[in-house]
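To keep things clear, I will list the structure first and then write my remarks on it.
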Amino acid sequence: MPLRLRDGVTLYFCRHGETEANVEKRFQGWTRDTPLTAKGREQVRAIAATLKAEAPNFAALAYVSSPLPRARTTMEIIRETIGLPRDGYTTDERIMEINLGSWDGLTDAEAEARDPGAYAKRMGNKGEVRVPGGGESYADVAARIESWIADIGIDTFAVSHGAATRILRGLFQGLSWGEMSELDEKQGVLFLARGNSVQRIDSN
């Protein structure tokens with residue numbers, strides 16, 4: 001059954017802006033946190049403008065971010081851009097990026113070279129196979145995201161990460177793990193969810 005928000009609640013959410021690790025095409029989980037690029041900051045300011053246009057009562061939203069620095073920087077730029085204090089938000093570990101274990105900071109090729117068998121197993125079943133070295137599976141991330149969604153009682157704006165927001169979108173749509181893994185992780189866009197419906201709003 002698809003994940004649902006409480007009746008009457010709207011959730012706005014986005015991925016953090018482009019980082020140096022994104023440009024280098026490196027896995028970026030809990031331990032590999034790199035600064036936003038100039039392009040990433042532009043993406044974030046564009047999201048801020050979109051949020052302000054889509055949520056006329058934006059000042060009344062609850063603002064929550066992943067505690068990882070790249071997400072917090074994104075949140076603070078957005079709040080400053082729309083005229084709110086930079087620090088007026090909370091953090092929640094349940095919307096952190098997937099834990100990428102021993103792959104954190106590696107490229108796809110580097111992760112595969114370390115252990116081709118483990119790499120193939122995980123890539124063949126991201127839903128249930130955890131990343132080596134203490135990492136998570138999609139099911140692990142889904143469990144914490146579902147817990148977070150159940151606690152949302154008012155209209156909220158959240159900043160999370162690529163895999164985490166992809167899994168969130170997939171849960172709302174009732175997708176399989178494999179279908180979730182095929183969703184894009186585009187940066188610079190805002191998502192709006194009500195009930196179990198998700199709409200992507202591209203920045204102009």
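Ordering of the structure tokens sets the chain letters (A, B, ...); residue numbers start at 1 within each chain; ligands are numbered from 1 in the order shown.
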*Please report, as a ChimeraX atom specification, each residue of stretch 12-198 of chain A to which DSSP assigns alpha helix (DSSP H) when run on this structure's backbone.*
/A:20-23,38-54,69-81,108-114,116-124,138-151,162-173,177-182
Would you kindly return, as an mmCIF file with all heavy atoms, in the first residue's frame, each protein, DNA or RNA residue with an atom no farther than 6 Å from any atom of A:Tyr138, considering only C-alpha atoms and excluding same-chain residues fewer than 3 positions away?
```cif
data_model
loop_
_atom_site.group_PDB
_atom_site.id
_atom_site.type_symbol
_atom_site.label_atom_id
_atom_site.label_comp_id
_atom_site.auth_asym_id
_atom_site.auth_seq_id
_atom_site.Cartn_x
_atom_site.Cartn_y
_atom_site.Cartn_z
ATOM 1 N N LYS A 126 18.906 -3.663 -4.414
ATOM 2 C CA LYS A 126 19.126 -2.536 -3.508
ATOM 3 C C LYS A 126 18.101 -2.501 -2.380
ATOM 4 O O LYS A 126 18.372 -1.942 -1.315
ATOM 5 C CB LYS A 126 19.065 -1.222 -4.293
ATOM 6 C CG LYS A 126 20.200 -1.030 -5.280
ATOM 7 C CD LYS A 126 20.070 0.311 -5.979
ATOM 8 C CE LYS A 126 21.185 0.527 -6.989
ATOM 9 N NZ LYS A 126 21.047 1.836 -7.671
ATOM 10 N N GLY A 127 16.962 -3.094 -2.612
ATOM 11 C CA GLY A 127 15.905 -3.068 -1.607
ATOM 12 C C GLY A 127 16.266 -3.797 -0.333
ATOM 13 O O GLY A 127 15.964 -3.324 0.759
ATOM 14 N N VAL A 141 16.217 2.468 4.839
ATOM 15 C CA VAL A 141 15.902 3.885 4.666
ATOM 16 C C VAL A 141 14.393 4.091 4.677
ATOM 17 O O VAL A 141 13.880 5.027 5.308
ATOM 18 C CB VAL A 141 16.514 4.429 3.361
ATOM 19 C CG1 VAL A 141 16.154 5.896 3.171
ATOM 20 C CG2 VAL A 141 18.031 4.252 3.360
#
```
*asked:* Taking 2 positions as the minimum chain separation for residues in the same chain, which residues sit within 9 Å of stretch 63-80 of chain A when counting only C-alpha atoms? Answer as JSON, numbers by chain.
replied: {"A": [15, 16, 17, 18, 19, 30, 31, 33, 34, 35, 36, 40, 41, 44, 45, 46, 47, 48, 49, 51, 61, 82, 83, 84, 85, 86, 87, 88, 89, 90, 91, 92, 93, 94, 95, 96, 97, 156, 157, 158, 159, 160, 161]}
*For A:Phe172, which of A:Gly195, A:Gly188, A:Gly153, A:Gly117 is the closest residue, counting only C-alpha atoms?*
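Closest to A:Phe172, using only C-alpha atoms: A:Gly195.
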_stretch 129-132 of chain A environment, 12 Å, only C-alpha atoms, sequence neighbours closer than 2 positions dropped, as a PyMOL selection string_ = chain A and resi 27+29+98-104+111-112+114-127+134-141+177
*asked:* Ranking A:Gly170, A:Gly178, A:Gly162, A:Gly105 by minimum distance to A:Glu128 and counting only C-alpha atoms, which one comes first?
replied: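 Looking only at the distances to A:Glu128, the closest residue turns out to be A:Gly178.
Considering the residues A:Lys186, A:Phe13, A:Ala163, A:Glu42 and counting only C-alpha atoms, A:Ala55 has its shortest atom-to-atom contact with A:Phe13.
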